[in-house]
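Asks: File name input-v6.cif; file contents mmCIF, C-alpha atoms and all ligand atoms; full text below.
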```cif
data_structure
loop_
_atom_site.label_atom_id
_atom_site.label_comp_id
_atom_site.auth_asym_id
_atom_site.auth_seq_id
_atom_site.Cartn_x
_atom_site.Cartn_y
_atom_site.Cartn_z
CA MET A 26 -23.81 12.21 -8.04
CA LYS A 27 -20.12 12.76 -7.31
CA THR A 28 -17.35 11.44 -9.53
CA ILE A 29 -14.34 10.21 -7.59
CA LEU A 30 -11.00 9.23 -9.11
CA ILE A 31 -9.10 6.43 -7.38
CA THR A 32 -5.61 5.93 -8.81
CA GLY A 33 -3.84 2.58 -8.43
CA GLY A 34 -7.17 0.86 -7.80
CA ALA A 35 -6.00 -2.43 -9.32
CA GLY A 36 -3.20 -2.78 -6.76
CA PHE A 37 -3.25 -4.26 -3.29
CA ILE A 38 -4.62 -1.43 -1.12
CA GLY A 39 -6.32 0.36 -4.03
CA SER A 40 -8.50 -2.67 -4.83
CA HIS A 41 -9.76 -2.75 -1.23
CA VAL A 42 -10.51 0.98 -1.39
CA VAL A 43 -12.35 0.65 -4.73
CA ARG A 44 -14.41 -2.27 -3.37
CA LEU A 45 -15.37 -0.33 -0.24
CA PHE A 46 -16.35 2.84 -2.13
CA VAL A 47 -18.26 1.10 -4.96
CA ASN A 48 -20.31 -0.94 -2.48
CA LYS A 49 -20.82 1.71 0.18
CA TYR A 50 -21.53 4.72 -2.05
CA PRO A 51 -23.90 3.79 -4.92
CA ASP A 52 -24.37 7.54 -5.54
CA TYR A 53 -20.69 8.02 -6.37
CA GLN A 54 -19.26 7.24 -9.78
CA ILE A 55 -15.94 5.57 -9.02
CA VAL A 56 -13.28 5.82 -11.74
CA ASN A 57 -10.30 3.52 -11.20
CA LEU A 58 -7.25 4.74 -13.13
CA ASP A 59 -4.41 2.23 -13.27
CA LYS A 60 -1.53 1.50 -15.62
CA LEU A 61 -1.68 -2.21 -14.75
CA THR A 62 2.01 -2.62 -14.01
CA TYR A 63 3.18 -6.00 -12.70
CA ALA A 64 1.49 -5.00 -9.39
CA GLY A 65 -1.90 -4.10 -10.88
CA ASN A 66 -4.38 -6.88 -11.49
CA LEU A 67 -8.02 -6.54 -12.54
CA ASN A 68 -8.70 -9.99 -11.07
CA ASN A 69 -8.55 -8.19 -7.71
CA LEU A 70 -11.84 -6.49 -8.59
CA ILE A 71 -13.96 -9.18 -10.29
CA ASP A 72 -16.71 -8.79 -7.67
CA VAL A 73 -17.31 -5.10 -8.49
CA GLU A 74 -16.37 -4.82 -12.16
CA ASN A 75 -19.98 -4.96 -13.42
CA LYS A 76 -21.46 -2.50 -10.93
CA PRO A 77 -23.06 0.54 -12.63
CA ASN A 78 -21.14 3.05 -10.47
CA TYR A 79 -17.71 1.62 -11.40
CA GLU A 80 -15.50 2.35 -14.37
CA PHE A 81 -11.93 1.25 -15.12
CA VAL A 82 -9.57 3.43 -17.17
CA LYS A 83 -6.17 2.07 -18.18
CA GLY A 84 -3.58 4.84 -18.17
CA ASP A 85 -0.29 6.16 -16.89
CA ILE A 86 -0.15 9.03 -14.38
CA VAL A 87 3.28 9.94 -15.80
CA ASP A 88 1.57 11.02 -19.05
CA GLY A 89 0.61 14.60 -18.14
CA GLU A 90 -1.38 15.32 -21.32
CA PHE A 91 -3.51 12.21 -20.89
CA ILE A 92 -4.15 13.10 -17.23
CA GLN A 93 -5.27 16.65 -18.14
CA LYS A 94 -7.67 15.25 -20.77
CA LEU A 95 -9.10 12.70 -18.36
CA PHE A 96 -9.76 15.34 -15.69
CA THR A 97 -11.36 17.69 -18.26
CA GLU A 98 -13.63 14.91 -19.51
CA LYS A 99 -14.64 13.40 -16.15
CA LYS A 100 -14.69 16.57 -13.99
CA PHE A 101 -13.72 14.69 -10.85
CA ASP A 102 -15.03 16.03 -7.54
CA GLY A 103 -12.41 14.21 -5.52
CA VAL A 104 -9.18 12.27 -5.95
CA ILE A 105 -7.83 9.43 -3.82
CA HIS A 106 -4.29 8.89 -5.05
CA LEU A 107 -2.71 5.48 -4.40
CA ALA A 108 -0.91 4.71 -7.67
CA ALA A 109 2.78 4.25 -6.98
CA GLU A 110 5.77 2.03 -7.33
CA SER A 111 5.62 0.54 -3.84
CA HIS A 112 8.36 -2.06 -3.29
CA VAL A 113 11.52 -0.95 -1.49
CA ASP A 114 13.73 -3.67 -3.04
CA ARG A 115 12.70 -2.65 -6.56
CA SER A 116 13.51 0.98 -5.69
CA ILE A 117 17.04 -0.12 -4.86
CA SER A 118 17.52 -1.83 -8.22
CA ASN A 119 15.63 0.80 -10.29
CA PRO A 120 15.27 4.15 -8.48
CA THR A 121 14.39 6.27 -11.53
CA GLU A 122 11.09 4.50 -12.15
CA PHE A 123 10.08 5.58 -8.63
CA VAL A 124 10.80 9.24 -9.42
CA PHE A 125 8.67 9.10 -12.56
CA THR A 126 5.61 7.45 -11.07
CA ASN A 127 5.71 8.62 -7.47
CA VAL A 128 6.91 12.20 -7.96
CA ILE A 129 6.08 13.26 -11.53
CA GLY A 130 2.87 11.21 -11.58
CA THR A 131 1.68 12.94 -8.39
CA VAL A 132 2.55 16.40 -9.74
CA ASN A 133 0.64 15.63 -12.98
CA LEU A 134 -2.46 14.79 -10.92
CA LEU A 135 -2.08 17.94 -8.81
CA ASN A 136 -1.72 20.07 -11.98
CA ALA A 137 -4.85 18.56 -13.49
CA ALA A 138 -6.88 19.03 -10.30
CA LYS A 139 -5.73 22.66 -10.07
CA THR A 140 -6.69 23.27 -13.72
CA ILE A 141 -10.18 21.79 -13.67
CA TRP A 142 -11.10 23.10 -10.23
CA LYS A 143 -9.94 26.60 -11.35
CA ASP A 144 -9.72 28.15 -7.91
CA ASN A 145 -13.24 27.04 -7.06
CA PHE A 146 -12.25 24.45 -4.54
CA GLU A 147 -15.60 24.25 -2.70
CA GLY A 148 -16.49 20.61 -1.95
CA LYS A 149 -13.32 19.28 -3.65
CA LYS A 150 -10.58 17.15 -2.10
CA PHE A 151 -7.25 15.76 -3.27
CA TYR A 152 -6.28 12.94 -0.91
CA HIS A 153 -2.74 11.60 -1.17
CA ILE A 154 -1.96 8.17 0.33
CA SER A 155 1.52 7.99 1.78
CA THR A 156 3.67 5.84 4.02
CA ASP A 157 5.30 5.88 7.45
CA GLU A 158 8.65 5.24 5.70
CA VAL A 159 8.97 8.99 5.00
CA TYR A 160 9.78 9.44 8.72
CA GLY A 161 12.87 7.22 8.51
CA SER A 162 13.84 4.72 11.16
CA LEU A 163 13.25 4.52 14.92
CA GLY A 164 15.52 3.07 17.60
CA ASP A 165 14.09 0.93 20.38
CA GLU A 166 11.97 3.77 21.76
CA GLY A 167 9.33 6.20 20.49
CA MET A 168 6.75 6.32 17.71
CA PHE A 169 6.17 8.39 14.57
CA THR A 170 3.68 11.21 15.09
CA GLU A 171 2.37 13.66 12.49
CA GLU A 172 5.08 16.09 13.68
CA THR A 173 8.03 13.72 13.17
CA LYS A 174 10.62 15.22 10.83
CA TYR A 175 10.96 13.58 7.42
CA ASP A 176 14.11 11.44 7.06
CA PRO A 177 13.66 8.95 4.19
CA HIS A 178 16.42 6.42 3.49
CA SER A 179 15.39 4.34 0.47
CA PRO A 180 14.71 5.62 -3.05
CA TYR A 181 11.09 4.48 -2.47
CA SER A 182 10.65 6.49 0.73
CA ALA A 183 12.53 9.47 -0.75
CA SER A 184 10.12 9.50 -3.71
CA LYS A 185 7.10 9.27 -1.41
CA ALA A 186 8.49 12.05 0.82
CA SER A 187 9.00 14.20 -2.27
CA SER A 188 5.44 13.61 -3.42
CA ASP A 189 4.13 14.53 0.07
CA HIS A 190 6.05 17.83 -0.14
CA PHE A 191 4.54 18.60 -3.56
CA VAL A 192 1.04 17.89 -2.23
CA ARG A 193 1.56 20.35 0.65
CA ALA A 194 3.16 22.89 -1.72
CA TYR A 195 0.08 22.80 -4.00
CA LEU A 196 -2.15 23.63 -1.03
CA ASP A 197 0.12 26.44 0.20
CA THR A 198 0.81 27.91 -3.26
CA PHE A 199 -2.36 27.31 -5.26
CA GLY A 200 -4.98 26.46 -2.63
CA VAL A 201 -5.61 22.92 -3.93
CA PRO A 202 -7.50 21.31 -1.00
CA THR A 203 -5.22 18.44 -0.04
CA VAL A 204 -5.03 15.95 2.78
CA ILE A 205 -2.36 13.30 3.43
CA SER A 206 -2.23 10.09 5.43
CA ASN A 207 0.88 8.09 6.30
CA CYS A 208 0.23 4.44 7.04
CA SER A 209 2.28 1.54 8.41
CA ASN A 210 2.75 -1.90 6.77
CA ASN A 211 -0.47 -3.41 5.42
CA TYR A 212 -1.26 -7.11 5.18
CA GLY A 213 -4.22 -9.05 3.77
CA SER A 214 -5.65 -10.46 0.55
CA PHE A 215 -4.50 -9.43 -2.96
CA GLN A 216 -0.99 -8.34 -1.93
CA PHE A 217 1.62 -9.05 -4.58
CA PRO A 218 3.89 -11.87 -3.35
CA GLU A 219 7.09 -9.83 -3.47
CA LYS A 220 6.21 -8.37 -0.04
CA LEU A 221 7.14 -10.25 3.13
CA ILE A 222 3.86 -11.85 4.21
CA PRO A 223 2.48 -13.21 0.89
CA LEU A 224 6.00 -14.15 -0.30
CA PHE A 225 6.65 -16.20 2.82
CA ILE A 226 3.21 -17.87 2.76
CA HIS A 227 3.88 -18.83 -0.86
CA ASN A 228 7.38 -20.15 -0.07
CA ILE A 229 6.31 -22.08 3.04
CA LYS A 230 3.55 -23.73 1.04
CA ASN A 231 6.01 -24.70 -1.70
CA ASN A 232 8.83 -25.74 0.70
CA LYS A 233 11.11 -23.00 -0.64
CA PRO A 234 13.74 -21.13 1.45
CA LEU A 235 12.49 -18.15 3.50
CA PRO A 236 15.02 -15.35 2.79
CA VAL A 237 15.26 -13.35 6.04
CA TYR A 238 17.23 -10.12 5.52
CA GLY A 239 20.03 -9.58 8.06
CA LYS A 240 19.19 -11.03 11.47
CA GLY A 241 15.43 -10.59 11.13
CA GLU A 242 15.47 -8.03 13.96
CA ASN A 243 13.79 -5.22 12.02
CA VAL A 244 10.42 -4.19 13.40
CA ARG A 245 7.28 -3.37 11.41
CA ASP A 246 3.84 -2.24 12.61
CA TRP A 247 1.21 -4.33 10.78
CA LEU A 248 -2.31 -3.20 9.88
CA TRP A 249 -5.06 -5.22 8.17
CA VAL A 250 -5.60 -3.71 4.71
CA VAL A 251 -9.39 -3.54 5.17
CA ASP A 252 -8.81 -1.31 8.20
CA HIS A 253 -6.58 0.95 6.09
CA ALA A 254 -9.38 1.20 3.51
CA ARG A 255 -11.83 2.12 6.33
CA ALA A 256 -9.42 4.83 7.50
CA ILE A 257 -9.16 6.18 3.94
CA ASP A 258 -12.97 6.40 3.78
CA VAL A 259 -13.09 8.32 7.08
CA ILE A 260 -10.28 10.71 6.10
CA PHE A 261 -11.69 11.33 2.61
CA HIS A 262 -15.05 12.32 4.09
CA GLN A 263 -14.13 13.90 7.44
CA GLY A 264 -10.42 14.72 7.28
CA LYS A 265 -9.60 18.43 7.42
CA VAL A 266 -7.90 20.05 4.44
CA GLY A 267 -4.22 20.73 5.18
CA GLU A 268 -4.03 18.01 7.83
CA THR A 269 -1.93 14.86 8.00
CA TYR A 270 -3.21 11.70 9.66
CA ASN A 271 -1.02 8.78 10.74
CA ILE A 272 -2.63 5.33 10.40
CA GLY A 273 -1.28 2.24 12.16
CA GLY A 274 -2.18 -0.89 14.01
CA PHE A 275 -0.31 -0.43 17.32
CA ASN A 276 0.97 -3.87 16.36
CA GLU A 277 4.76 -4.19 16.26
CA TRP A 278 6.54 -7.40 15.32
CA THR A 279 10.17 -8.21 14.67
CA ASN A 280 10.38 -9.91 11.28
CA ILE A 281 11.71 -13.11 12.79
CA ALA A 282 8.90 -13.36 15.38
CA LEU A 283 6.32 -12.78 12.65
CA ILE A 284 7.96 -15.34 10.35
CA LYS A 285 8.02 -17.98 13.12
CA LEU A 286 4.35 -17.28 13.86
CA MET A 287 3.50 -17.82 10.17
CA CYS A 288 5.55 -21.03 10.15
CA ARG A 289 3.69 -22.40 13.20
CA LYS A 290 0.29 -21.53 11.78
CA MET A 291 1.15 -23.07 8.43
CA ASP A 292 2.49 -26.26 10.03
CA GLU A 293 -0.99 -26.68 11.55
CA LYS A 294 -2.86 -25.83 8.36
CA LEU A 295 -0.70 -27.98 6.09
CA GLY A 296 -0.66 -30.91 8.52
CA ARG A 297 3.12 -30.67 9.01
CA GLN A 298 5.00 -31.51 12.19
CA THR A 299 5.55 -28.53 14.50
CA GLY A 300 8.86 -26.89 13.56
CA GLU A 301 8.99 -28.29 10.03
CA SER A 302 8.35 -25.00 8.20
CA GLU A 303 10.84 -23.10 10.42
CA LYS A 304 13.60 -25.23 8.91
CA LEU A 305 13.05 -23.24 5.68
CA ILE A 306 14.34 -20.03 7.33
CA SER A 307 17.48 -18.86 5.57
CA TYR A 308 19.34 -15.71 6.69
CA VAL A 309 20.51 -13.73 3.64
CA LYS A 310 22.38 -10.49 2.96
CA ASP A 311 20.60 -7.50 4.51
CA ARG A 312 18.63 -4.99 2.44
CA ALA A 313 20.76 -1.89 1.75
CA GLY A 314 19.77 1.02 4.01
CA HIS A 315 17.34 -1.26 5.87
CA ASP A 316 15.27 0.80 8.34
CA LEU A 317 15.37 -0.81 11.79
CA ARG A 318 11.98 0.01 13.21
CA TYR A 319 8.69 1.66 12.24
CA ALA A 320 5.91 2.36 14.74
CA ILE A 321 2.96 4.65 14.17
CA ASP A 322 1.28 6.70 16.85
CA ALA A 323 -2.31 6.66 15.54
CA THR A 324 -3.92 8.61 18.39
CA LYS A 325 -4.79 11.68 16.28
CA ILE A 326 -7.05 9.78 13.86
CA LYS A 327 -8.75 8.02 16.76
CA ARG A 328 -9.23 11.23 18.75
CA GLU A 329 -10.34 13.46 15.86
CA LEU A 330 -12.08 11.07 13.46
CA GLY A 331 -12.99 8.10 15.68
CA TRP A 332 -11.11 5.51 13.58
CA GLU A 333 -9.34 2.52 15.11
CA PRO A 334 -8.36 -0.93 13.81
CA SER A 335 -11.25 -3.43 13.84
CA LEU A 336 -9.26 -6.64 13.83
CA GLN A 337 -6.69 -8.18 16.17
CA PHE A 338 -3.53 -9.40 14.43
CA GLU A 339 -3.86 -13.08 15.43
CA GLU A 340 -7.24 -13.20 13.66
CA GLY A 341 -6.02 -11.11 10.72
CA ILE A 342 -2.96 -13.22 9.98
CA GLU A 343 -5.07 -16.39 10.23
CA LYS A 344 -7.60 -15.00 7.70
CA THR A 345 -4.74 -13.88 5.45
CA ILE A 346 -2.98 -17.26 5.40
CA ASP A 347 -6.33 -18.96 4.69
CA TRP A 348 -7.01 -16.55 1.82
CA TYR A 349 -3.67 -17.29 0.09
CA LEU A 350 -4.09 -21.04 0.63
CA GLU A 351 -7.60 -20.94 -0.84
CA ASN A 352 -6.84 -18.60 -3.75
CA THR A 353 -4.16 -20.65 -5.45
CA ASP A 354 -5.32 -19.58 -8.93
CA TRP A 355 -4.78 -15.92 -8.07
CA LEU A 356 -1.31 -16.69 -6.67
CA GLU A 357 -0.30 -18.90 -9.62
CA ASN A 358 -1.51 -16.25 -12.04
CA VAL A 359 0.56 -13.40 -10.53
CA THR A 360 3.68 -15.50 -9.93
CA SER A 361 3.99 -16.74 -13.51
CA GLY A 362 5.77 -14.77 -16.25
CA ASP A 363 7.89 -11.77 -15.28
CA TYR A 364 7.73 -12.57 -11.58
CA GLN A 365 10.07 -15.52 -12.13
CA LYS A 366 12.75 -13.21 -13.59
CA TYR A 367 12.37 -10.80 -10.66
CA TYR A 368 12.72 -13.67 -8.18
CA GLU A 369 15.90 -14.90 -9.85
CA GLN A 370 17.51 -11.45 -9.74
CA GLN A 371 16.39 -10.62 -6.21
CA TYR A 372 17.05 -13.90 -4.41
CA VAL A 373 18.73 -16.68 -6.31
CA LYS A 374 21.84 -14.61 -7.07
CA ARG A 375 21.89 -12.99 -3.60
P1 LIG B 1 0.79 -1.84 -5.20
O1 LIG B 1 2.17 -1.86 -5.74
O2 LIG B 1 0.14 -3.11 -4.82
O3 LIG B 1 -0.19 -1.13 -6.24
C1 LIG B 1 0.18 0.03 -6.95
C2 LIG B 1 -0.81 0.21 -8.09
O4 LIG B 1 -0.44 1.40 -8.80
C3 LIG B 1 -0.80 -0.94 -9.10
O5 LIG B 1 -2.12 -1.31 -9.43
C4 LIG B 1 -0.09 -0.34 -10.32
O6 LIG B 1 -0.50 -0.90 -11.56
C5 LIG B 1 -0.46 1.13 -10.20
N1 LIG B 1 0.51 2.00 -10.87
C6 LIG B 1 1.86 1.96 -10.75
N2 LIG B 1 2.43 2.87 -11.54
C7 LIG B 1 1.42 3.54 -12.17
C8 LIG B 1 1.37 4.60 -13.10
N3 LIG B 1 2.50 5.17 -13.56
N4 LIG B 1 0.16 5.04 -13.52
C9 LIG B 1 -0.98 4.46 -13.06
N5 LIG B 1 -0.99 3.43 -12.20
C10 LIG B 1 0.20 2.98 -11.75
O7 LIG B 1 0.85 -0.82 -3.98
P2 LIG B 1 0.08 -0.84 -2.59
O8 LIG B 1 0.86 -1.63 -1.63
O9 LIG B 1 -1.35 -1.13 -2.83
O10 LIG B 1 0.24 0.69 -2.18
C11 LIG B 1 -0.70 1.67 -2.62
C12 LIG B 1 -0.30 3.03 -2.07
O11 LIG B 1 -0.26 2.98 -0.64
C13 LIG B 1 1.09 3.48 -2.51
O12 LIG B 1 1.03 4.87 -2.74
C14 LIG B 1 1.98 3.16 -1.32
O13 LIG B 1 3.07 4.05 -1.26
C15 LIG B 1 1.02 3.40 -0.17
N6 LIG B 1 1.28 2.61 1.06
C16 LIG B 1 1.44 1.24 0.99
C17 LIG B 1 1.62 0.52 2.18
C18 LIG B 1 1.76 -0.98 2.17
O14 LIG B 1 2.03 -1.57 3.22
N7 LIG B 1 1.58 -1.66 1.05
C19 LIG B 1 1.64 1.19 3.41
C20 LIG B 1 1.51 2.59 3.42
C21 LIG B 1 1.30 3.29 2.24
O1 LIG B 2 5.74 0.84 6.15
C1 LIG B 2 4.93 0.96 5.02
C2 LIG B 2 5.61 0.31 3.83
O2 LIG B 2 5.56 -1.09 4.06
C3 LIG B 2 4.97 0.65 2.49
O3 LIG B 2 5.11 2.03 2.26
C4 LIG B 2 5.63 -0.13 1.36
O4 LIG B 2 4.96 0.12 0.14
C5 LIG B 2 5.53 -1.61 1.68
O5 LIG B 2 6.19 -2.37 0.70
C6 LIG B 2 6.13 -1.91 3.06
O6 LIG B 2 7.58 -1.75 3.05
P1 LIG B 2 8.56 -2.78 3.79
O7 LIG B 2 9.87 -2.67 3.18
O8 LIG B 2 8.46 -2.63 5.27
O9 LIG B 2 7.80 -4.16 3.41
P2 LIG B 2 8.35 -5.57 2.89
O10 LIG B 2 7.19 -6.50 2.90
O11 LIG B 2 9.15 -5.45 1.65
O12 LIG B 2 9.36 -6.00 4.06
C7 LIG B 2 8.92 -6.13 5.40
C8 LIG B 2 10.14 -6.46 6.24
O13 LIG B 2 10.60 -7.78 5.91
C9 LIG B 2 11.32 -5.55 6.00
O14 LIG B 2 12.02 -5.33 7.23
C10 LIG B 2 12.21 -6.33 5.04
C11 LIG B 2 11.94 -7.78 5.43
N1 LIG B 2 12.03 -8.75 4.32
C12 LIG B 2 11.31 -8.52 3.21
C13 LIG B 2 11.36 -9.39 2.13
C14 LIG B 2 10.56 -9.11 0.87
C15 LIG B 2 12.82 -9.90 4.45
O15 LIG B 2 13.47 -10.14 5.49
N2 LIG B 2 12.87 -10.77 3.39
C16 LIG B 2 12.19 -10.55 2.23
O16 LIG B 2 12.31 -11.37 1.29
#
```
Give the structure from the file, written as structure tokens.
Ligand code: NAD
Ligand code: DAU

Replies:
Amino acid sequence: MKTILITGGAGFIGSHVVRLFVNKYPDYQIVNLDKLTYAGNLNNLIDVENKPNYEFVKGDIVDGEFIQKLFTEKKFDGVIHLAAESHVDRSISNPTEFVFTNVIGTVNLLNAAKTIWKDNFEGKKFYHISTDEVYGSLGDEGMFTEETKYDPHSPYSASKASSDHFVRAYLDTFGVPTVISNCSNNYGSFQFPEKLIPLFIHNIKNNKPLPVYGKGENVRDWLWVVDHARAIDVIFHQGKVGETYNIGGFNEWTNIALIKLMCRKMDEKLGRQTGESEKLISYVKDRAGHDLRYAIDATKIKRELGWEPSLQFEEGIEKTIDWYLENTDWLENVTSGDYQKYYEQQYVKR
């Protein structure tokens, strides 16, 4: 029986990873550590919460003493670290929070792993989940490979880049067996509706303006979240210590093309006339430091570990829209309370 710590398991990607591991590995004890910030929601995990190999611990990775105690008590064999502040716009309005959670939180976990594993690293793994945003922004050509130089532009990506450097430093300096993956934009169920796809589905449904930053020409490479969780499984089990793996969907869209696709699909689903939802598009002030284009070259993970995306985007976006339209309770629940204040500050005064 192995005990695996998953941090940030109540968030968007983390909840898909927890679900996959709890169901696929009954011999693992899965401990989900999450602070339950605005982005963490235990309703994301109702289907696994009573399984005998699952345990939830509420706690903050910024609290180093608590983290040391937890590691001493649970004697984790492996760590999959997803907990983070993850929204670029929030990092622009409150950068310091991102340094605490993303940098100091990661170092606290590395310190605790180093202490309990006490130089006996056999069979142990510390897996850090990172983002393609650490590589900066591309022009019209090229893709990010594992060798691309780091060039973060937002406080979010700078904090993730910093945490990646600490992870590599703990391998080089102390021998902690680490592995990192850098993934492109995820989409799918249980994503907090501050991010483009769930926000726009929510607004289209409610006939609210669709705030497109700048001219909508920025490009993102979209991957179905379940495929990211599958990649995390493969890397956790087969990824080589010291390596970095890029994960992506080979699926680039300009924001405006993606938004128009969502509008068309939702016109059909909501029984609206073609073109009706597009009228909600509203061009607003651009995001500060807005990266133009991300594109991941995911050939290494395919070549070395045999992973590739399972779902085509047309099918994935269809499933995703259906999920948000069917799960209105989930959406209403997360968009009540503090979310309203965030929305006011971010958009209404823009
Ligand atoms: P999310 O914001 O949906 O979830 C983050 C989770 O971390 C939440 O459950 C939150 O409660 C928890 N958390 C935050 N601060 C914490 C703290 N101090 N202590 C303990 N828990 C804390 O994020 P996500 O989109 O699921 O992203 C998960 C990870 O994947 C992040 O590390 C992010 O950088 C990375 N990533 C995300 C994407 C994407 O498209 N969403 C792509 C690539 C990489
Ligand atoms: O690339 C991976 C990253 O993808 C992750 O590391 C981040 O955690 C995740 O949030 C995501 O970052 P982005 O900034 O790319 O995602 P977001 O959904 O915020 O925005 C996608 C694009 O849409 C981006 O170009 C900004 C634009 N946008 C976003 C919002 C919220 C708008 O035009 N209007 C909006 O209201």

Asks: Which residues are near ligand LIG 1 (chain B) - at most 6 Å, using all atoms listed in the file? Format: as a ChimeraX atom specification.

Replies: /A:33-39,59-62,64-65,84-87,107-111,126,154-156,208-211

Asks: Restrict the selected residues to C-alpha atoms and save them as a PDB file, in the coordinates of the input.

Replies:
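Full text of again.pdb as output:
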```
ATOM      1  CA  GLY A  33      -3.840   2.580  -8.430  1.00  0.00           C
ATOM      2  CA  GLY A  34      -7.170   0.860  -7.800  1.00  0.00           C
ATOM      3  CA  ALA A  35      -6.000  -2.430  -9.320  1.00  0.00           C
ATOM      4  CA  GLY A  36      -3.200  -2.780  -6.760  1.00  0.00           C
ATOM      5  CA  PHE A  37      -3.250  -4.260  -3.290  1.00  0.00           C
ATOM      6  CA  ILE A  38      -4.620  -1.430  -1.120  1.00  0.00           C
ATOM      7  CA  GLY A  39      -6.320   0.360  -4.030  1.00  0.00           C
ATOM      8  CA  ASP A  59      -4.410   2.230 -13.270  1.00  0.00           C
ATOM      9  CA  LYS A  60      -1.530   1.500 -15.620  1.00  0.00           C
ATOM     10  CA  LEU A  61      -1.680  -2.210 -14.750  1.00  0.00           C
ATOM     11  CA  THR A  62       2.010  -2.620 -14.010  1.00  0.00           C
ATOM     12  CA  ALA A  64       1.490  -5.000  -9.390  1.00  0.00           C
ATOM     13  CA  GLY A  65      -1.900  -4.100 -10.880  1.00  0.00           C
ATOM     14  CA  GLY A  84      -3.580   4.840 -18.170  1.00  0.00           C
ATOM     15  CA  ASP A  85      -0.290   6.160 -16.890  1.00  0.00           C
ATOM     16  CA  ILE A  86      -0.150   9.030 -14.380  1.00  0.00           C
ATOM     17  CA  VAL A  87       3.280   9.940 -15.800  1.00  0.00           C
ATOM     18  CA  LEU A 107      -2.710   5.480  -4.400  1.00  0.00           C
ATOM     19  CA  ALA A 108      -0.910   4.710  -7.670  1.00  0.00           C
ATOM     20  CA  ALA A 109       2.780   4.250  -6.980  1.00  0.00           C
ATOM     21  CA  GLU A 110       5.770   2.030  -7.330  1.00  0.00           C
ATOM     22  CA  SER A 111       5.620   0.540  -3.840  1.00  0.00           C
ATOM     23  CA  THR A 126       5.610   7.450 -11.070  1.00  0.00           C
ATOM     24  CA  ILE A 154      -1.960   8.170   0.330  1.00  0.00           C
ATOM     25  CA  SER A 155       1.520   7.990   1.780  1.00  0.00           C
ATOM     26  CA  THR A 156       3.670   5.840   4.020  1.00  0.00           C
ATOM     27  CA  CYS A 208       0.230   4.440   7.040  1.00  0.00           C
ATOM     28  CA  SER A 209       2.280   1.540   8.410  1.00  0.00           C
ATOM     29  CA  ASN A 210       2.750  -1.900   6.770  1.00  0.00           C
ATOM     30  CA  ASN A 211      -0.470  -3.410   5.420  1.00  0.00           C
TER      31      ASN A 211
END
```

Asks: So which one's closest to ligand LIG 2 (chain B), A:Ile346, A:Leu295, A:Ile141, A:Val250? Using all atoms listed in the file, please.

Replies: A:Val250

Asks: Around all the atoms of ligand LIG 2 (chain B) listed in the file, draw an axis-aligned box and extend it by 8 Å on each of the six sides; I want its centre and edge lengths in Å to one decimal, as AutoDock Vina command-line options.

Replies:
```
--center_x 9.2 --center_y -4.7 --center_z 3.7 --size_x 24.5 --size_y 29.4 --size_z 23.1
```

Asks: Grab the atom CA of Tyr308 of chain A to atom CA of Val237 of chain A distance for me, in Å with one decimal place.

Replies: 4.8 Å

Asks: Between A:Ile105, A:Val42, A:Ile55, A:Leu30, which has the minimum distance to Ile92 of chain A (counting only C-alpha atoms)?

Replies: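 Closest candidate: A:Leu30.
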
Asks: Just want the 9 Å neighbourhood of segment 120-122 of chain A, counted on all atoms listed in the file, with same-chain residues fewer than 6 positions away dropped. Output as number ranges by chain.

Replies: A: 110, 179-181, 184

Asks: Please identify every polymer residue within 7 Å of ligand LIG 2 (chain B), using all atoms listed in the file, and present the set as a list of chain:residue names.

Replies: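 Checking all atoms listed in the file against ligand LIG 2 (chain B) at 7 Å gives A:Ser111, A:His112, A:Val113, A:Asp114, A:Ser155, A:Thr156, A:Asp157, A:Glu158, A:Cys208, A:Ser209, A:Asn210, A:Asn211, A:Glu219, A:Lys220, A:Leu221, A:Ile222, A:Leu224, A:Pro236, A:Val237, A:Tyr238, A:Gly241, A:Asn243, A:Val244, A:Arg245, A:Asn280, A:His315, A:Tyr319.
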
Asks: Would you kindly return, as number ranges by chain, each protein, DNA or RNA residue with an atom no farther than 10 Å from any atom of Phe199 of chain A, considering only C-alpha atoms and excluding same-chain residues fewer than 2 positions away?

Replies: A: 136, 139, 143-144, 193-197, 201-202

Asks: Please determine, counting all atoms listed in the file, which residue among A:Ile229, A:Ile260, A:Cys288, A:Leu58 has the shortest atom-to-atom distance to Tyr152 of chain A.

Replies: A:Ile260

Asks: What is the atom CA of Tyr63 of chain A-atom CA of Ser361 of chain A distance in Å, reported with one decimal?

Replies: 10.8 Å

Asks: Just the number, please: distance in Å from atom CA of Val43 of chain A to atom CA of Gln263 of chain A, one decimal.

Replies: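 Atom CA of Gln263 of chain A lies 18.1 Å from atom CA of Val43 of chain A.
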
Asks: Taking only residues of segment 148-246 of chain A that have an atom at most 12 Å from an atom of segment 335-338 of chain A, what is each one's shortest atom pair and its distance in Å to one decimal, using all atoms listed in the file, in chain and number order, as a Markdown table?

Replies:
```
| residue | atom | partner | partner_atom | distance |
| --- | --- | --- | --- | --- |
| A:Asn211 | CA | A:Phe338 | CA | 11.2 |
| A:Tyr212 | CA | A:Phe338 | CA | 9.8 |
| A:Gly213 | CA | A:Phe338 | CA | 10.7 |
| A:Asp246 | CA | A:Phe338 | CA | 10.4 |
```

Asks: Which residue is closest to Lys265 of chain A? Choose from A:Arg289, A:Lys304, A:Ile205, A:Asp316 and count all atoms listed in the file.

Replies: A:Ile205

Asks: Would you kindly return, as a ChimeraX atom specification, each protein, DNA or RNA residue with an atom no farther than 12 Å from any atom of Asp165 of chain A, considering all atoms listed in the file and excluding same-chain residues fewer than 3 positions away?

Replies: /A:162,168,242-244,277,279,317-320
